[in-house]
Structures are given as C-alpha cells and as structure tokens.
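What follows is the content of query09.txt, which has compact mmCIF, C-alpha atoms:
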```txt
# COMPACT_ATOMS: atom_id res chain seq x y z
CA MET N 1 -47.21 73.10 -21.59
CA LYS N 2 -46.23 73.76 -25.20
CA ILE N 3 -42.45 73.86 -25.04
CA LYS N 4 -41.75 70.92 -27.36
CA ALA N 5 -44.31 72.09 -29.92
CA THR N 6 -42.82 75.59 -29.93
CA ARG N 7 -39.26 74.25 -30.21
CA THR N 8 -40.10 71.93 -33.10
CA ALA N 9 -42.08 74.69 -34.84
CA CYS N 10 -38.88 76.76 -34.72
CA GLY N 11 -37.03 73.86 -36.37
CA LEU N 12 -34.74 73.34 -33.37
CA THR N 13 -33.54 70.15 -31.73
CA GLN N 14 -33.07 70.04 -27.97
CA LYS N 15 -29.32 70.12 -28.50
CA ALA N 16 -29.48 73.16 -30.81
CA LEU N 17 -31.73 75.07 -28.44
CA VAL N 18 -29.47 74.31 -25.47
CA GLU N 19 -26.47 75.55 -27.47
CA ILE N 20 -28.26 78.82 -28.32
CA ILE N 21 -29.23 79.30 -24.68
CA GLY N 22 -25.64 78.57 -23.61
CA GLN N 23 -24.33 81.20 -26.04
CA SER N 24 -26.50 83.78 -24.28
CA GLY N 25 -24.58 83.07 -21.07
CA VAL N 26 -27.34 81.12 -19.32
CA LYS N 27 -26.33 77.78 -17.84
CA LEU N 28 -28.50 74.91 -19.11
CA ASP N 29 -27.43 71.44 -20.23
CA LYS N 30 -29.39 68.97 -22.36
CA PRO N 31 -30.49 66.67 -19.49
CA ALA N 32 -31.79 69.67 -17.51
CA TYR N 33 -33.57 71.03 -20.59
CA SER N 34 -35.13 67.62 -21.24
CA LYS N 35 -36.57 67.67 -17.70
CA ILE N 36 -37.98 71.14 -18.34
CA GLU N 37 -39.54 70.08 -21.65
CA THR N 38 -41.14 66.96 -20.12
CA GLY N 39 -42.49 68.89 -17.13
CA VAL N 40 -40.31 67.23 -14.49
CA ALA N 41 -38.63 70.55 -13.67
CA LEU N 42 -39.35 74.24 -14.11
CA PRO N 43 -36.78 76.58 -15.67
CA THR N 44 -35.20 79.36 -13.68
CA VAL N 45 -36.28 82.86 -14.64
CA GLU N 46 -33.06 83.31 -16.61
CA GLN N 47 -33.53 79.99 -18.41
CA LEU N 48 -37.14 80.84 -19.30
CA ARG N 49 -36.12 84.24 -20.64
CA ALA N 50 -33.34 82.67 -22.71
CA MET N 51 -35.69 79.98 -24.05
CA CYS N 52 -38.23 82.62 -25.07
CA GLN N 53 -35.56 84.77 -26.70
CA ALA N 54 -34.11 81.80 -28.62
CA MET N 55 -37.54 80.70 -29.88
CA GLY N 56 -38.94 84.21 -30.40
CA CYS N 57 -41.89 83.74 -28.07
CA LYS N 58 -43.32 84.80 -24.72
CA PRO N 59 -43.60 82.72 -21.50
CA LEU N 60 -47.35 82.28 -22.05
CA ASP N 61 -46.57 80.66 -25.39
CA LEU N 62 -44.71 77.92 -23.48
CA TYR N 63 -46.74 77.58 -20.28
CA THR N 64 -50.22 78.38 -19.04
CA GLU N 65 -50.46 80.68 -16.04
CA SER N 66 -51.32 77.76 -13.78
CA GLU N 67 -48.20 75.85 -14.84
CA ILE N 68 -45.65 78.49 -13.90
CA ASP N 69 -45.57 81.49 -11.62
CA LEU N 70 -45.32 84.20 -14.26
CA ILE N 71 -45.74 87.07 -11.81
CA HIS N 72 -42.32 86.37 -10.33
CA CYS N 73 -40.88 85.90 -13.81
CA MET N 74 -41.82 89.45 -14.74
CA ASP N 75 -40.40 91.09 -11.62
CA GLY N 76 -37.09 89.20 -11.67
CA GLU N 77 -37.66 86.88 -8.74
CA HIS N 78 -36.93 83.20 -9.18
CA ALA N 79 -39.55 80.62 -10.04
CA PRO N 80 -39.15 77.11 -8.55
CA LYS N 81 -36.00 75.55 -9.99
CA THR N 82 -36.51 71.80 -10.19
CA ALA N 83 -38.64 68.99 -8.94
CA LYS N 84 -37.35 67.16 -5.87
CA LYS N 85 -35.03 64.26 -6.53
CA ASP N 86 -36.34 62.18 -3.63
CA GLY N 87 -38.96 60.26 -5.57
CA HIS N 88 -41.91 62.59 -5.07
CA ARG N 89 -44.77 61.75 -7.39
CA ILE N 90 -46.91 64.70 -6.32
CA LYS N 91 -47.13 67.26 -9.09
CA ARG N 92 -48.41 70.40 -7.34
CA LYS N 93 -46.85 72.52 -4.64
CA ALA N 94 -49.09 74.51 -2.29
CA THR N 95 -47.76 77.33 -0.15
CA PHE N 96 -49.92 79.29 2.24
CA ARG N 97 -49.57 81.51 5.28
CA VAL N 98 -50.90 80.52 8.67
CA PRO N 99 -51.38 82.54 11.86
CA GLU N 100 -48.57 82.33 14.39
CA TRP N 101 -50.65 80.24 16.82
CA CYS N 102 -50.86 77.45 14.20
CA CYS N 103 -47.11 77.05 13.96
CA LYS N 104 -46.67 75.19 17.25
CA TRP N 105 -49.21 72.60 16.09
CA LEU N 106 -47.23 71.99 12.92
CA GLU N 107 -43.88 71.38 14.63
CA PRO N 108 -42.29 68.06 13.60
CA GLN N 109 -42.33 66.72 17.17
CA MET N 110 -46.06 67.43 17.55
CA LEU N 111 -46.86 65.85 14.18
CA GLN N 112 -44.77 62.77 15.01
CA GLU N 113 -46.64 62.33 18.28
CA LEU N 114 -49.84 62.28 16.22
CA GLY N 115 -48.39 59.63 13.91
CA TYR N 116 -47.35 61.80 10.96
CA ALA N 117 -43.81 61.68 9.60
CA THR N 118 -44.08 65.07 7.87
CA ALA N 119 -46.31 68.12 7.66
CA GLN N 120 -47.09 67.06 4.09
CA GLN N 121 -48.40 63.71 5.33
CA TRP N 122 -50.59 65.50 7.90
CA PHE N 123 -51.88 67.92 5.23
CA LEU N 124 -52.77 65.08 2.83
CA ASP N 125 -54.64 63.31 5.63
CA MET N 126 -56.59 66.50 6.38
CA VAL N 127 -57.46 66.90 2.69
CA ARG N 128 -58.68 63.27 2.56
CA ARG N 129 -60.82 63.87 5.66
CA THR N 130 -62.23 67.05 4.14
CA GLN N 131 -63.00 65.19 0.93
CA ALA N 132 -64.80 62.42 2.84
CA ARG N 133 -66.78 65.01 4.82
CA TYR N 134 -67.77 66.79 1.61
CA GLU N 135 -68.82 63.52 -0.04
CA ARG N 136 -70.97 62.63 3.01
CA ARG N 137 -72.60 66.06 2.76
CA LEU N 138 -73.35 65.49 -0.94
CA LYS N 139 -74.92 62.10 -0.19
CA ARG N 140 -77.03 63.61 2.58
CA ALA N 141 -78.20 66.39 0.26
CA GLU N 142 -79.07 63.78 -2.40
CA ARG N 143 -81.13 61.78 0.11
CA ASN N 144 -82.93 64.95 1.19
CA ARG N 145 -83.67 65.81 -2.44
CA GLN N 146 -85.24 62.39 -3.00
CA ARG N 147 -87.40 62.69 0.13
CA THR N 148 -90.64 64.62 -0.19
CA ILE N 149 -93.29 65.50 2.38
CA CYS N 150 -96.84 64.16 2.28
CA PRO N 151 -99.23 67.10 1.79
CA HIS N 152 -101.89 65.38 3.95
CA CYS N 153 -100.01 64.29 7.06
CA GLY N 154 -96.54 65.91 6.71
CA ALA N 155 -94.70 62.57 6.90
CA PRO N 156 -91.50 62.15 4.81
CA ILE N 157 -91.92 60.08 1.64
CA GLU N 158 -88.85 58.26 0.27
CA ASN N 159 -88.12 58.06 -3.49
CA GLY N 160 -91.55 59.10 -4.75
CA ALA N 161 -93.45 56.30 -2.94
CA GLN N 162 -96.95 56.97 -1.68
CA CYS N 163 -97.57 57.97 1.90
CA SER N 164 -99.33 55.45 4.15
CA CYS N 165 -102.09 57.96 4.82
CA GLU N 166 -102.90 58.05 1.07
CA LEU N 167 -102.91 54.27 0.86
CA SER N 168 -105.43 53.97 3.68
CA ALA N 169 -107.73 56.68 2.31
```

Written form, structure tokens:
Amino acid sequence: MKIKATRTACGLTQKALVEIIGQSGVKLDKPAYSKIETGVALPTVEQLRAMCQAMGCKPLDLYTESEIDLIHCMDGEHAPKTAKKDGHRIKRKATFRVPEWCCKWLEPQMLQELGYATAQQWFLDMVRRTQARYERRLKRAERNRQRTICPHCGAPIENGAQCSCELSA
C-alpha cells in the first residue's frame, strides 16, 4: 500500500486531500480517510476513483492487486467498504463457493453442536488441522529422505549409519 507516499509526493495533507475529494461530490471525512491510509479500511469504488483523480494516479499506484479487488473497481461494482468494528484482528477475508450439500453442515446450529461459535471459528480450526497434517507429512518425508537401504541385505539404514550386515562382514 502506497497511499501515504503518493499523497505526500503530491504535497497534500490528509485534510487537503479529503477536501479535494469532497469537492468532487464523494463523501469522505478525515477519520475515514485516515483508516484507509493506514490499511484499517478499504475505500469504496467512488472514493478510490476520487483519490486517484485528486492525486493524478491509478489504483495500482496506491495498492497492489492483492490488497484490493481491482476487477470490481473497473466494472463499477463496490469493493469492500470498511473493516469490521467488532475487534477483528484478522486481516484477510476469504470468500468461496461450496456445493449445496455442504450448506447444511455449515448451519449455525450444526456448528454450535460441534462446539464452534461461528463458521469462521470452524474454518480456522480446519486450517490449523490441515497445517498440522501438512507438517506431519513434511516430517515423515524428511525421515524417509534420511533413511537409506543397505545394498547387501535391503534393511533400512537411519542417518547414514552402517548396516549391521556390513559390521559383521
């Protein structure tokens, strides 16, 4: 995110930029702009357009593609407006489609019976489990890499040690 750097390069204060944006008819106050500049909130499509027009730049001069949904910006749909005000510390939002049969398993009542307060809590638990499974797989692969086979008897040899058949020969 390069909003502050772009604004200061244009010689504008937050207050001056907000005034210019307001003159274009787009609603944006200084506290809301401050949240946008610090990454707490995303601008609306109209706010982003007005910011770019005021600073003489393009959206990709202010954000990377992974920071903002620029596809929707170009076709007029709205990007996410603001971060939640309920204390969320999670920075990313994931949205995906699931088959219809999955929906009944994600109902709040079903999740609560399984001990989850929200679908987000369930999802984070599943990600943690997937991470642990992946880490176990990596450890197993590392152990297998360290193990070699004795060319004489075919027995596994751990960590480059000699096989017992070689020691007795």

List the spatial neighbours of stretch 118-131 of chain N as a VMD selection string - criterion: any atom at most 7 Å away, all atoms listed in the file, same-chain residues fewer than 4 positions off excluded. chain N and resid 106 108 111 135

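The space separating atom CA of N:Thr13 from atom CA of N:Asp29 comes to 13.1 Å.
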
In Å, with one decimal, what is the gap from atom CA of N:Leu62 to atom CA of N:Thr8? 12.2 Å

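From atom CA of N:Thr6 back to atom CA of N:Cys57, the distance works out to 8.4 Å.
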
Using all atoms listed in the file, the best pick from N:Ile36, N:Cys163, N:Ile3, N:Ala9 as closest to N:Cys52 would be N:Ile3

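With all atoms listed in the file as the basis for measurement, N:Met55 is the residue among N:Met55, N:Ala117, N:Ala141, N:Ala132 that approaches N:Lys4 most closely.
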
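In terms of minimum interatomic distance to N:Cys153, N:Cys165 ranks closest within N:Ile20, N:Cys165, N:Ala5, N:Met110, counting all atoms listed in the file.
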
Restricting to only C-alpha atoms, whichever of N:Arg136, N:Glu67, N:Lys15, N:Thr44 is closest to N:Lys27 is N:Thr44

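Summary of the local environment: counting only C-alpha atoms, residues at most 12 Å from N:Pro31, other than itself and those fewer than 4 positions away along its chain, are Gln14, Lys15, Val18, Lys27, Lys35, Ile36, Glu37, Thr38, Val40 and Ala41 of chain N.
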
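Every protein, DNA or RNA residue with an atom at most 9 Å from N:Arg49, where all atoms listed in the file count and chain neighbours fewer than 4 positions away do not, is listed here: Thr44, Val45, Gln53, Ala54, Lys58, Pro59 and Cys73 of chain N.
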
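Among N:Lys2, N:His152, N:Arg133, N:Lys139, the residue with the shortest atom-to-atom distance to N:Thr64, counting only C-alpha atoms, is N:Lys2.
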
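Nearest to N:Asp61 of all the residues N:Leu17, N:Cys103, N:Val98, N:Leu48 is N:Leu48, counting all atoms listed in the file.
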
Using all atoms of stretch 116-130 of chain N listed in the file and a margin of 5 Å per side, can you give the axis-aligned box centre and edge lengths in Å to one decimal, as lines of an AutoDock Vina configuration file?
```
center_x = -53.0
center_y = 64.9
center_z = 6.8
size_x = 28.4
size_y = 16.4
size_z = 18.4
```
